[in-house]
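A.B. asks: Got a file for you: query.cif, mmCIF, C-alpha atoms and all ligand atoms.
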data_entry
#
loop_
_atom_site.label_atom_id
_atom_site.label_comp_id
_atom_site.auth_asym_id
_atom_site.auth_seq_id
_atom_site.Cartn_x
_atom_site.Cartn_y
_atom_site.Cartn_z
CA MET Q 1 156.10 -62.85 -33.92
CA PRO Q 2 159.26 -60.96 -32.97
CA GLN Q 3 162.36 -61.85 -34.99
CA PHE Q 4 164.65 -64.05 -32.90
CA PRO Q 5 168.33 -64.30 -33.79
CA ASN Q 6 169.65 -67.72 -34.75
CA ALA Q 7 169.81 -69.80 -31.60
CA ILE Q 8 173.40 -70.87 -32.23
CA HIS Q 9 175.99 -68.52 -33.57
CA SER Q 10 179.38 -70.17 -33.09
CA LYS Q 11 181.91 -67.99 -31.30
CA LEU Q 12 184.64 -70.23 -32.71
CA PRO Q 13 183.42 -71.03 -36.22
CA LEU Q 14 186.79 -72.30 -37.43
CA VAL Q 15 187.43 -74.72 -34.61
CA GLY Q 16 186.74 -78.34 -35.51
CA THR Q 17 188.07 -81.67 -34.27
CA THR Q 18 191.71 -81.21 -33.36
CA ILE Q 19 194.47 -83.18 -35.01
CA PHE Q 20 195.26 -84.70 -31.60
CA THR Q 21 191.85 -86.34 -31.50
CA VAL Q 22 192.10 -87.36 -35.15
CA MET Q 23 195.57 -88.89 -34.75
CA SER Q 24 194.72 -90.67 -31.51
CA ARG Q 25 191.57 -92.10 -33.11
CA LEU Q 26 193.51 -93.23 -36.18
CA ALA Q 27 196.22 -94.69 -33.95
CA ALA Q 28 193.60 -96.72 -32.07
CA GLU Q 29 191.84 -97.81 -35.29
CA HIS Q 30 195.09 -98.98 -36.89
CA ASN Q 31 196.59 -100.36 -33.71
CA ALA Q 32 199.48 -97.94 -34.22
CA ILE Q 33 202.17 -96.78 -31.80
CA ASN Q 34 200.93 -93.43 -30.60
CA LEU Q 35 203.68 -90.82 -30.38
CA SER Q 36 201.24 -88.06 -31.32
CA GLN Q 37 199.63 -86.68 -28.18
CA GLY Q 38 201.90 -85.43 -25.40
CA PHE Q 39 201.45 -87.74 -22.48
CA PRO Q 40 203.50 -90.54 -20.88
CA ASP Q 41 202.61 -94.18 -21.50
CA PHE Q 42 204.00 -95.05 -18.05
CA ASN Q 43 202.49 -94.42 -14.65
CA CYS Q 44 203.34 -91.65 -12.22
CA ASP Q 45 205.23 -92.44 -9.00
CA LYS Q 46 203.41 -94.87 -6.69
CA ALA Q 47 204.45 -92.73 -3.74
CA LEU Q 48 202.48 -89.82 -5.19
CA ILE Q 49 199.41 -92.01 -5.69
CA GLU Q 50 199.72 -93.24 -2.11
CA LEU Q 51 199.82 -89.65 -0.89
CA VAL Q 52 196.56 -88.89 -2.73
CA ASN Q 53 195.07 -92.00 -1.11
CA LYS Q 54 196.30 -90.88 2.30
CA TYR Q 55 194.61 -87.49 2.03
CA MET Q 56 191.40 -88.93 0.62
CA LYS Q 57 191.16 -91.46 3.44
CA ALA Q 58 191.92 -88.77 6.01
CA GLY Q 59 188.85 -86.86 4.81
CA SER Q 60 190.40 -84.09 2.70
CA ASN Q 61 187.62 -84.33 0.17
CA GLN Q 62 185.80 -81.01 0.36
CA TYR Q 63 186.45 -77.67 -1.40
CA SER Q 64 189.93 -76.32 -1.03
CA PRO Q 65 190.37 -72.55 -0.57
CA MET Q 66 189.56 -70.67 -3.79
CA ALA Q 67 193.23 -69.87 -4.48
CA GLY Q 68 194.36 -73.42 -3.70
CA ALA Q 69 195.61 -75.41 -0.71
CA ILE Q 70 197.92 -73.13 1.25
CA ALA Q 71 200.49 -75.92 1.78
CA LEU Q 72 200.85 -76.19 -2.00
CA ARG Q 73 201.04 -72.45 -2.57
CA GLU Q 74 203.72 -72.17 0.09
CA ILE Q 75 205.93 -74.84 -1.36
CA ILE Q 76 205.53 -73.40 -4.88
CA ALA Q 77 206.69 -70.04 -3.49
CA GLU Q 78 209.71 -71.75 -1.92
CA LYS Q 79 210.57 -73.66 -5.10
CA THR Q 80 210.24 -70.55 -7.26
CA GLU Q 81 212.48 -68.51 -4.99
CA ASN Q 82 215.10 -71.28 -4.76
CA LEU Q 83 215.22 -71.85 -8.50
CA TYR Q 84 214.65 -68.39 -9.96
CA GLY Q 85 215.46 -65.99 -7.12
CA THR Q 86 212.14 -64.14 -6.92
CA GLN Q 87 209.86 -64.05 -3.90
CA TYR Q 88 206.13 -64.44 -4.41
CA ASN Q 89 203.57 -64.17 -1.63
CA PRO Q 90 201.62 -67.45 -1.43
CA ASP Q 91 198.56 -65.63 -0.05
CA SER Q 92 198.18 -63.10 -2.81
CA GLU Q 93 200.42 -64.08 -5.74
CA ILE Q 94 199.98 -67.81 -6.36
CA THR Q 95 196.81 -69.62 -7.48
CA ILE Q 96 196.36 -73.34 -8.08
CA THR Q 97 194.50 -74.06 -11.31
CA SER Q 98 192.89 -76.96 -13.10
CA GLY Q 99 195.93 -77.46 -15.30
CA ALA Q 100 197.84 -74.89 -17.31
CA THR Q 101 195.03 -74.63 -19.88
CA GLN Q 102 192.66 -73.15 -17.33
CA ALA Q 103 195.36 -70.80 -16.05
CA ILE Q 104 196.04 -69.54 -19.58
CA TYR Q 105 192.34 -69.06 -20.31
CA THR Q 106 191.83 -67.27 -17.01
CA ALA Q 107 194.77 -64.88 -17.47
CA ILE Q 108 193.65 -64.02 -21.01
CA THR Q 109 190.04 -63.51 -19.92
CA ALA Q 110 191.09 -61.34 -16.99
CA MET Q 111 193.21 -59.07 -19.20
CA ILE Q 112 191.94 -58.99 -22.78
CA GLU Q 113 189.22 -56.64 -23.97
CA GLU Q 114 187.74 -56.07 -27.41
CA ASP Q 115 190.36 -55.30 -30.08
CA ASP Q 116 193.32 -55.73 -27.74
CA GLU Q 117 196.21 -57.21 -29.69
CA VAL Q 118 198.02 -60.29 -28.41
CA LEU Q 119 201.28 -61.48 -29.96
CA ILE Q 120 201.85 -65.19 -30.15
CA PHE Q 121 204.74 -67.08 -31.72
CA GLU Q 122 204.04 -69.75 -34.31
CA PRO Q 123 204.16 -72.70 -34.43
CA ALA Q 124 202.05 -72.26 -31.29
CA TYR Q 125 200.38 -74.49 -28.74
CA ASP Q 126 196.72 -74.64 -29.64
CA CYS Q 127 194.92 -73.10 -26.65
CA TYR Q 128 196.14 -69.49 -26.91
CA GLN Q 129 194.32 -68.25 -30.01
CA PRO Q 130 190.80 -69.50 -29.17
CA ALA Q 131 191.00 -67.91 -25.71
CA ILE Q 132 192.02 -64.59 -27.26
CA GLU Q 133 189.19 -64.82 -29.79
CA LEU Q 134 186.55 -65.71 -27.20
CA ASN Q 135 187.49 -62.48 -25.44
CA TYR Q 136 187.22 -60.47 -28.69
CA GLY Q 137 190.94 -59.81 -28.78
CA LYS Q 138 193.02 -59.92 -31.95
CA THR Q 139 195.79 -62.49 -32.39
CA ILE Q 140 198.96 -61.18 -34.01
CA TYR Q 141 201.16 -63.99 -35.29
CA VAL Q 142 204.95 -63.92 -35.29
CA GLN Q 143 206.69 -66.79 -37.04
CA LEU Q 144 209.63 -68.42 -35.31
CA LYS Q 145 212.65 -68.66 -37.57
CA VAL Q 146 213.46 -72.10 -38.95
CA PRO Q 147 215.49 -74.26 -38.60
CA HIS Q 148 216.01 -73.54 -34.90
CA TYR Q 149 212.72 -71.78 -34.20
CA THR Q 150 214.29 -68.63 -32.77
CA ILE Q 151 212.57 -65.28 -32.22
CA ASP Q 152 213.31 -62.36 -34.52
CA TRP Q 153 213.05 -59.52 -31.99
CA LYS Q 154 213.26 -56.84 -34.68
CA GLU Q 155 210.09 -58.23 -36.20
CA VAL Q 156 208.43 -58.31 -32.78
CA LYS Q 157 209.38 -54.68 -32.21
CA LYS Q 158 207.78 -53.67 -35.51
CA LEU Q 159 204.50 -55.33 -34.54
CA ILE Q 160 204.16 -53.57 -31.20
CA ASN Q 161 201.87 -50.56 -31.03
CA HIS Q 162 199.46 -48.87 -28.61
CA ARG Q 163 196.91 -51.68 -29.04
CA THR Q 164 199.39 -54.41 -28.01
CA LYS Q 165 198.11 -55.67 -24.68
CA MET Q 166 199.89 -58.97 -24.28
CA ILE Q 167 202.72 -61.19 -25.49
CA ILE Q 168 202.53 -64.94 -24.89
CA ILE Q 169 205.80 -66.84 -24.71
CA ASN Q 170 206.40 -70.54 -24.18
CA THR Q 171 209.75 -71.98 -23.11
CA PRO Q 172 210.69 -74.84 -23.40
CA HIS Q 173 208.53 -74.74 -26.47
CA ASN Q 174 205.82 -77.07 -27.70
CA PRO Q 175 205.91 -78.25 -30.52
CA THR Q 176 209.52 -77.41 -31.46
CA GLY Q 177 211.53 -78.29 -28.35
CA ALA Q 178 213.34 -74.93 -28.62
CA VAL Q 179 214.24 -72.97 -25.49
CA MET Q 180 214.56 -69.23 -25.00
CA THR Q 181 217.94 -67.87 -23.86
CA ALA Q 182 218.77 -65.18 -21.31
CA ASP Q 183 219.42 -62.87 -24.28
CA ASP Q 184 215.89 -63.50 -25.53
CA MET Q 185 214.56 -62.51 -22.12
CA ARG Q 186 216.64 -59.33 -22.10
CA GLU Q 187 215.28 -58.44 -25.56
CA LEU Q 188 211.74 -58.99 -24.30
CA GLU Q 189 212.52 -56.83 -21.29
CA LYS Q 190 213.82 -54.03 -23.53
CA ILE Q 191 210.90 -54.19 -25.93
CA THR Q 192 208.27 -54.07 -23.19
CA ALA Q 193 210.00 -51.41 -21.03
CA GLY Q 194 207.80 -48.34 -20.68
CA THR Q 195 204.73 -50.11 -22.10
CA GLY Q 196 201.71 -51.60 -20.34
CA ILE Q 197 202.21 -54.93 -22.09
CA ILE Q 198 201.37 -57.99 -20.01
CA ILE Q 199 203.24 -61.27 -20.53
CA ILE Q 200 201.95 -64.78 -20.20
CA SER Q 201 204.92 -67.08 -19.81
CA ASP Q 202 203.88 -70.67 -20.43
CA GLU Q 203 206.53 -72.63 -18.55
CA VAL Q 204 204.83 -76.02 -18.27
CA TYR Q 205 208.05 -77.78 -19.36
CA GLU Q 206 210.26 -75.78 -16.96
CA HIS Q 207 211.88 -78.95 -15.57
CA ILE Q 208 212.23 -80.76 -18.91
CA ILE Q 209 215.32 -79.07 -20.29
CA PHE Q 210 218.46 -80.73 -21.62
CA ASP Q 211 222.24 -80.60 -22.06
CA ASN Q 212 222.86 -78.40 -19.00
CA ARG Q 213 220.76 -75.53 -20.31
CA GLN Q 214 219.18 -73.33 -17.67
CA HIS Q 215 215.45 -72.68 -17.80
CA GLN Q 216 214.95 -68.94 -18.32
CA SER Q 217 211.83 -68.30 -16.29
CA VAL Q 218 210.60 -64.72 -16.52
CA ALA Q 219 210.83 -64.89 -12.71
CA ARG Q 220 214.61 -64.48 -13.11
CA PHE Q 221 214.09 -61.03 -14.66
CA PRO Q 222 212.45 -58.60 -12.19
CA LYS Q 223 211.38 -56.13 -14.89
CA LEU Q 224 209.61 -58.94 -16.72
CA ALA Q 225 208.28 -60.63 -13.60
CA GLU Q 226 206.42 -57.47 -12.60
CA ARG Q 227 204.28 -57.68 -15.76
CA SER Q 228 203.99 -61.47 -16.06
CA PHE Q 229 201.69 -64.36 -15.38
CA ILE Q 230 203.89 -67.46 -15.04
CA ILE Q 231 202.04 -70.69 -15.71
CA SER Q 232 203.16 -74.25 -14.99
CA SER Q 233 201.64 -77.73 -14.79
CA PHE Q 234 202.14 -80.69 -12.49
CA GLY Q 235 200.72 -82.86 -15.26
CA LYS Q 236 204.02 -82.52 -17.11
CA THR Q 237 206.29 -82.52 -14.07
CA PHE Q 238 204.84 -85.56 -12.31
CA HIS Q 239 203.69 -87.69 -15.28
CA ALA Q 240 200.05 -87.10 -14.34
CA THR Q 241 198.55 -85.16 -17.24
CA GLY Q 242 195.10 -86.56 -16.39
CA TRP Q 243 195.02 -84.90 -12.98
CA LYS Q 244 194.87 -81.42 -14.47
CA VAL Q 245 196.59 -79.58 -11.64
CA GLY Q 246 198.72 -76.55 -12.46
CA TYR Q 247 199.35 -73.09 -11.14
CA CYS Q 248 199.74 -69.44 -11.95
CA ILE Q 249 202.15 -66.99 -10.32
CA ALA Q 250 201.83 -63.22 -10.80
CA PRO Q 251 202.34 -59.99 -8.88
CA GLN Q 252 199.46 -59.05 -6.59
CA ASN Q 253 197.82 -56.49 -8.89
CA LEU Q 254 197.62 -59.00 -11.75
CA MET Q 255 196.70 -61.93 -9.51
CA ALA Q 256 193.77 -60.01 -7.98
CA GLU Q 257 192.18 -59.76 -11.46
CA PHE Q 258 193.09 -63.36 -12.28
CA ARG Q 259 191.28 -64.60 -9.17
CA LYS Q 260 188.12 -62.69 -10.02
CA VAL Q 261 187.80 -64.88 -13.12
CA HIS Q 262 189.18 -68.08 -11.55
CA GLN Q 263 186.60 -67.85 -8.79
CA PHE Q 264 183.71 -68.16 -11.23
CA LEU Q 265 185.35 -70.49 -13.71
CA VAL Q 266 186.32 -73.35 -11.37
CA PHE Q 267 186.23 -71.79 -7.88
CA ALA Q 268 188.76 -74.35 -6.60
CA VAL Q 269 190.78 -77.35 -7.72
CA ASN Q 270 190.48 -80.89 -6.33
CA THR Q 271 191.76 -81.04 -2.75
CA PRO Q 272 193.49 -84.41 -2.19
CA MET Q 273 195.72 -84.06 -5.24
CA GLN Q 274 196.82 -80.59 -4.18
CA LEU Q 275 197.75 -81.83 -0.71
CA ALA Q 276 199.55 -84.86 -2.12
CA ILE Q 277 201.54 -82.74 -4.58
CA ALA Q 278 202.45 -80.30 -1.79
CA GLU Q 279 203.97 -83.12 0.23
CA TYR Q 280 205.65 -84.72 -2.79
CA LEU Q 281 207.31 -81.39 -3.72
CA LYS Q 282 209.21 -81.41 -0.42
CA GLU Q 283 211.57 -83.92 -2.01
CA LYS Q 284 213.33 -81.68 -4.53
CA GLU Q 285 214.71 -84.60 -6.52
CA ASN Q 286 211.14 -85.39 -7.54
CA TYR Q 287 211.30 -82.47 -9.97
CA LEU Q 288 215.01 -81.74 -10.27
CA SER Q 289 215.65 -85.22 -11.72
CA LEU Q 290 213.15 -84.72 -14.54
CA GLY Q 291 215.55 -83.15 -17.06
CA ASN Q 292 217.91 -86.15 -16.83
CA PHE Q 293 215.05 -88.60 -16.96
CA TYR Q 294 213.72 -87.21 -20.24
CA GLN Q 295 217.15 -86.49 -21.70
CA LYS Q 296 217.86 -90.24 -21.52
CA LYS Q 297 214.62 -90.91 -23.39
CA ARG Q 298 215.43 -88.28 -26.01
CA ASP Q 299 218.93 -89.69 -26.49
CA TYR Q 300 217.62 -93.24 -26.70
CA PHE Q 301 214.99 -92.37 -29.31
CA ASN Q 302 217.37 -90.20 -31.35
CA GLN Q 303 220.10 -92.82 -31.30
CA LEU Q 304 217.59 -95.42 -32.50
CA ILE Q 305 216.48 -93.27 -35.43
CA SER Q 306 219.93 -91.93 -36.30
CA GLN Q 307 220.16 -94.55 -39.09
CA SER Q 308 216.82 -93.50 -40.59
CA LYS Q 309 216.26 -91.08 -43.48
CA PHE Q 310 214.68 -88.53 -41.15
CA THR Q 311 216.87 -85.57 -40.18
CA PHE Q 312 216.72 -83.68 -36.90
CA ASP Q 313 218.37 -81.44 -34.34
CA ASN Q 314 218.21 -82.71 -30.78
CA SER Q 315 215.27 -81.27 -28.89
CA ALA Q 316 216.53 -78.76 -26.27
CA GLY Q 317 213.56 -79.20 -23.94
CA THR Q 318 210.00 -80.64 -23.60
CA TYR Q 319 209.26 -84.30 -24.40
CA PHE Q 320 208.90 -83.70 -28.12
CA GLN Q 321 211.31 -84.38 -30.96
CA LEU Q 322 210.80 -82.90 -34.42
CA LEU Q 323 211.78 -85.02 -37.40
CA ARG Q 324 212.16 -83.63 -40.94
CA TYR Q 325 211.09 -85.96 -43.75
CA GLY Q 326 211.88 -83.75 -46.79
CA SER Q 327 214.37 -86.28 -48.18
CA ILE Q 328 211.77 -89.07 -47.99
CA SER Q 329 208.60 -87.54 -49.40
CA ASN Q 330 207.13 -84.43 -50.96
CA GLU Q 331 203.72 -84.99 -49.47
CA LYS Q 332 202.02 -82.37 -47.33
CA ASP Q 333 202.90 -83.00 -43.69
CA SER Q 334 199.29 -83.77 -42.73
CA ASP Q 335 198.96 -86.30 -45.58
CA TYR Q 336 202.28 -87.87 -44.72
CA ALA Q 337 201.37 -88.15 -41.01
CA ILE Q 338 198.07 -89.83 -41.88
CA ARG Q 339 199.83 -92.27 -44.23
CA LEU Q 340 202.42 -93.05 -41.55
CA VAL Q 341 199.75 -94.05 -39.11
CA LYS Q 342 197.54 -95.94 -41.56
CA GLU Q 343 200.18 -97.79 -43.57
CA LEU Q 344 203.09 -98.09 -41.15
CA GLY Q 345 201.52 -97.85 -37.72
CA VAL Q 346 203.21 -94.84 -36.10
CA ALA Q 347 201.23 -91.76 -35.08
CA SER Q 348 202.82 -88.30 -34.96
CA VAL Q 349 201.57 -84.73 -35.30
CA PRO Q 350 202.24 -82.66 -38.44
CA VAL Q 351 203.73 -79.32 -37.38
CA SER Q 352 201.57 -77.36 -39.85
CA VAL Q 353 198.63 -77.72 -37.44
CA PHE Q 354 200.39 -75.33 -35.08
CA TYR Q 355 200.30 -72.53 -37.70
CA HIS Q 356 197.10 -70.61 -38.44
CA LYS Q 357 198.06 -70.71 -42.13
CA ALA Q 358 199.03 -74.40 -41.96
CA ILE Q 359 202.63 -73.74 -43.06
CA ASP Q 360 204.13 -77.00 -44.22
CA GLU Q 361 207.83 -77.37 -43.45
CA LYS Q 362 207.80 -81.15 -43.90
CA VAL Q 363 208.25 -81.70 -40.19
CA LEU Q 364 206.48 -84.08 -37.79
CA ARG Q 365 206.38 -83.95 -34.01
CA PHE Q 366 206.99 -87.14 -32.03
CA CYS Q 367 206.43 -87.48 -28.27
CA PHE Q 368 209.17 -89.49 -26.54
CA ALA Q 369 207.50 -89.60 -23.10
CA LYS Q 370 207.17 -93.33 -23.66
CA LYS Q 371 208.53 -96.62 -22.35
CA GLU Q 372 211.75 -97.84 -23.99
CA GLU Q 373 209.91 -100.68 -25.71
CA THR Q 374 207.43 -98.22 -27.25
CA LEU Q 375 210.28 -96.05 -28.55
CA GLU Q 376 212.06 -99.15 -29.91
CA LYS Q 377 208.99 -100.33 -31.82
CA ALA Q 378 208.36 -96.87 -33.28
CA ALA Q 379 212.02 -96.39 -34.26
CA ALA Q 380 212.19 -99.81 -35.93
CA ILE Q 381 209.32 -98.76 -38.20
CA LEU Q 382 210.74 -95.30 -38.91
CA CYS Q 383 214.13 -96.80 -39.79
CA LYS Q 384 212.58 -99.09 -42.43
CA ILE Q 385 211.27 -96.13 -44.43
C1 LIG W 1 202.86 -75.56 -24.06
C2 LIG W 1 201.75 -76.13 -23.29
N1 LIG W 1 201.02 -75.30 -22.51
C3 LIG W 1 199.97 -75.77 -21.79
C4 LIG W 1 199.62 -77.10 -21.81
C5 LIG W 1 198.42 -77.56 -21.02
O1 LIG W 1 198.77 -78.13 -19.81
P1 LIG W 1 197.65 -78.79 -18.86
O2 LIG W 1 197.48 -80.19 -19.31
O3 LIG W 1 198.23 -78.68 -17.48
O4 LIG W 1 196.41 -77.99 -19.01
C6 LIG W 1 200.35 -77.99 -22.60
C7 LIG W 1 199.96 -79.42 -22.68
O5 LIG W 1 200.29 -80.12 -23.60
C8 LIG W 1 201.43 -77.49 -23.35
O6 LIG W 1 202.17 -78.29 -24.13
#
Output the file's structure in the form of structure tokens.
C.D. replies:
Amino acid sequence: MPQFPNAIHSKLPLVGTTIFTVMSRLAAEHNAINLSQGFPDFNCDKALIELVNKYMKAGSNQYSPMAGAIALREIIAEKTENLYGTQYNPDSEITITSGATQAIYTAITAMIEEDDEVLIFEPAYDCYQPAIELNYGKTIYVQLKVPHYTIDWKEVKKLINHRTKMIIINTPHNPTGAVMTADDMRELEKITAGTGIIIISDEVYEHIIFDNRQHQSVARFPKLAERSFIISSFGKTFHATGWKVGYCIAPQNLMAEFRKVHQFLVFAVNTPMQLAIAEYLKEKENYLSLGNFYQKKRDYFNQLISQSKFTFDNSAGTYFQLLRYGSISNEKDSDYAIRLVKELGVASVPVSVFYHKAIDEKVLRFCFAKKEETLEKAAAILCKI
């Protein structure tokens, strides 16, 4: 008999059940208020649902073009130029994806080869590192500086070498709610000048930014835009995380490689939702009002918990608020989060799960994309602690 290798050799041996699944399960088991996973507990706009219905009934139910419905690509090009001043060609530089997750995976797969180094900033959203690993790349971690989770560009500069293939940024940032400034972008521009480094700019919360801050898309910086994949998600923008529709924008030479992978990963994204979103985007207020909408929720939640023993800085963007509990307990953040859900009935996410070394800063992440009554119930519990 020939020797056969083991049938299953995990390519991701360290990946288990994520904390999001664990917390949501615990929240359900204990009938707790779930501020852990990042999704709204209210419905998306009826008008958007009616548009999907309209296109389904009209027979738009077959494959869309591989790169996405042209009407949607065109209006994304228009929105990007209006907001960030850069022109992208909808034919060759914009692709509709099955959410941002697929776009990120596709861009990494299209670019990363064995031993390529990819810099990511921690705490980091959880889908970057596995995608790098599955492509045999090497993740290089850079820690954001507490308490405001800023980037130490000198440290980044030290980590860059001839193997550095990619830097992944995320602004506004999940889980911290921090946003990158124009100065950050200029530093990134300086550091990458004269290198072949590719950037993935995860901008899924581009419209959820507060206190008159301006979203610093890499599209505003031509020298960055020419080396960048910009990724966004309609799940976040239109309160429809379950639809999994997002997009990627990149210069033609990068997008050509992206589409080679996209074509065989999903081929195309569901048609009626793309057409509905394209029509819905014509009304600019549908996305321009989002910052105000979520700022009110942030302010409401933060005002409700201002009398609690938790301490915090207002989130600058995203629909997440970090709360520090160091003056309440010495427990590890994961233990404390589990106790909060089991004993008190509020689910959150411990920030240590966003670090590969599980760094515990005694901070929990709460999602405030919730109805007022949900936020009130959660805050009442948190204030009793
Ligand atoms: C920073 C960040 N990037 C990407 C995603 C994934 O977006 P999508 O649901 O469109 O795949 C999320 C979702 O939570 C996120 O927070």
A.B. asks: Rounded to one decimal, what separation in Å do you get between CA of Met255 in chain Q and CA of Glu93 in chain Q?
C.D. replies: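 Computing it gives 5.7 Å between the two atoms.
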A.B. asks: Using all atoms listed in the file, determine which residues lie at most 10 Å from range 300-312 of chain Q, disregarding the query and same-chain residues fewer than 3 positions distant; provide the list as a short mmCIF file (atom, residue, chain, number, x, y, z; two decimals) with C-alpha atoms, in the frame of the given file.
C.D. replies:
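In the end it all went to result.cif:
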data_model
loop_
_atom_site.label_atom_id
_atom_site.label_comp_id
_atom_site.auth_asym_id
_atom_site.auth_seq_id
_atom_site.Cartn_x
_atom_site.Cartn_y
_atom_site.Cartn_z
CA PRO Q 147 215.49 -74.26 -38.60
CA TYR Q 294 213.72 -87.21 -20.24
CA GLN Q 295 217.15 -86.49 -21.70
CA LYS Q 296 217.86 -90.24 -21.52
CA LYS Q 297 214.62 -90.91 -23.39
CA SER Q 315 215.27 -81.27 -28.89
CA GLN Q 321 211.31 -84.38 -30.96
CA LEU Q 322 210.80 -82.90 -34.42
CA LEU Q 323 211.78 -85.02 -37.40
CA ARG Q 324 212.16 -83.63 -40.94
CA TYR Q 325 211.09 -85.96 -43.75
CA GLY Q 326 211.88 -83.75 -46.79
CA SER Q 327 214.37 -86.28 -48.18
CA ILE Q 328 211.77 -89.07 -47.99
CA VAL Q 363 208.25 -81.70 -40.19
CA LEU Q 364 206.48 -84.08 -37.79
CA PHE Q 366 206.99 -87.14 -32.03
CA CYS Q 367 206.43 -87.48 -28.27
CA PHE Q 368 209.17 -89.49 -26.54
CA LYS Q 370 207.17 -93.33 -23.66
CA GLU Q 372 211.75 -97.84 -23.99
CA THR Q 374 207.43 -98.22 -27.25
CA LEU Q 375 210.28 -96.05 -28.55
CA GLU Q 376 212.06 -99.15 -29.91
CA LYS Q 377 208.99 -100.33 -31.82
CA ALA Q 378 208.36 -96.87 -33.28
CA ALA Q 379 212.02 -96.39 -34.26
CA ALA Q 380 212.19 -99.81 -35.93
CA ILE Q 381 209.32 -98.76 -38.20
CA LEU Q 382 210.74 -95.30 -38.91
CA CYS Q 383 214.13 -96.80 -39.79
CA LYS Q 384 212.58 -99.09 -42.43
CA ILE Q 385 211.27 -96.13 -44.43
#
A.B. asks: Could you tell me, counting only C-alpha atoms and all ligand atoms, which protein and nucleic acid residues lie no more than 10 Å from ligand LIG 1 (chain W), written as an NGL selection string?
C.D. replies: :Q and (37-39 or 97-105 or 124-128 or 169-175 or 201-205 or 231-237 or 240-247 or 318-320)
A.B. asks: Env of Ala358 in chain Q: 12 Å cut, atoms = all atoms listed in the file, seq-sep filter 3 positions within chain, self excluded. Answer as a ChimeraX atom specification.
C.D. replies: /Q:122-124,143,332-334,350-355,361-363
A.B. asks: Keeping only C-alpha atoms, take the residues you just selected and write them out as a tab-separated table (two decimals), keeping the file's coordinate frame.
C.D. replies:
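Result went into out-v5.tsv, see below:
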chain	number	residue	atom	x	y	z
Q	122	GLU	CA	204.04	-69.75	-34.31
Q	123	PRO	CA	204.16	-72.70	-34.43
Q	124	ALA	CA	202.05	-72.26	-31.29
Q	143	GLN	CA	206.69	-66.79	-37.04
Q	332	LYS	CA	202.02	-82.37	-47.33
Q	333	ASP	CA	202.90	-83.00	-43.69
Q	334	SER	CA	199.29	-83.77	-42.73
Q	350	PRO	CA	202.24	-82.66	-38.44
Q	351	VAL	CA	203.73	-79.32	-37.38
Q	352	SER	CA	201.57	-77.36	-39.85
Q	353	VAL	CA	198.63	-77.72	-37.44
Q	354	PHE	CA	200.39	-75.33	-35.08
Q	355	TYR	CA	200.30	-72.53	-37.70
Q	361	GLU	CA	207.83	-77.37	-43.45
Q	362	LYS	CA	207.80	-81.15	-43.90
Q	363	VAL	CA	208.25	-81.70	-40.19
A.B. asks: Find, counting only C-alpha atoms, the residue in Q:Glu285, Q:Glu279, Q:Glu29, Q:Asp299 that gets nearest to Lys54 in chain Q.
C.D. replies: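 When distances to Lys54 in chain Q are compared using only C-alpha atoms, the smallest one comes from Q:Glu279.
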A.B. asks: Which residues come within 9 Å of Met56 in chain Q, counting only C-alpha atoms, excluding same-chain residues fewer than 3 positions away, as a list in words?
C.D. replies: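 Skipping anything fewer than 3 positions along the chain leaves Leu51, Val52, Asn53, Gly59, Ser60, Asn61, Thr271, Pro272 and Met273 of chain Q.
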A.B. asks: May I ask which of the residues Q:Ser348, Q:Asn82, Q:Thr95, Q:Gln274 is the closest one to Thr21 in chain Q, counting all atoms listed in the file?
C.D. replies: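 Among the listed residues, the smallest separation from Thr21 in chain Q belongs to Q:Ser348.
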A.B. asks: Measuring between all atoms listed in the file, which one of Q:Ala250, Q:Leu340, Q:Ala369, Q:Ile277 shows the shortest distance to Pro222 in chain Q?
C.D. replies: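 Going through Q:Ala250, Q:Leu340, Q:Ala369, Q:Ile277 one by one, the smallest distance to Pro222 in chain Q is for Q:Ala250.
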A.B. asks: Compare Q:Phe238, Q:Tyr280, Q:Phe293, Q:Tyr287 by their minimum atom-to-atom distance to Glu50 in chain Q, counting all atoms listed in the file, and give me the closest one.
C.D. replies: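 Nearest to Glu50 in chain Q: Q:Tyr280.
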A.B. asks: At most 10 Å is the cut-off: for each residue in range 136-246 of chain Q with any atom that close to an atom of range 62-80 of chain Q, write down the nearest atom pair and the distance in Å rounded to one decimal, counting all atoms listed in the file, chain first then increasing number, as a tab-separated table.
C.D. replies:
residue	atom	partner	partner_atom	distance
Q:Ser217	CA	Q:Thr80	CA	9.4
Q:Ala219	CA	Q:Thr80	CA	7.9
Q:Arg220	CA	Q:Thr80	CA	9.5
A.B. asks: Using only C-alpha atoms, can you tell me which of Q:Ile200, Q:Leu83, Q:Leu14, Q:Val142 comes closest to Ile120 in chain Q?
C.D. replies: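 Of the candidates, the smallest distance to Ile120 in chain Q is held by Q:Val142.
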A.B. asks: Just the number, please: distance in Å from CA of Gly317 in chain Q to CA of Ile208 in chain Q, one decimal.
C.D. replies: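 That distance, rounded to one decimal, is 5.4 Å.
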A.B. asks: Counting all atoms listed in the file, figure out which residue out of Q:Glu331, Q:Asp116, Q:Glu373, Q:Glu206 gets nearest to Phe42 in chain Q.
C.D. replies: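 Using all atoms listed in the file, Phe42 in chain Q sits closest to Q:Glu373.
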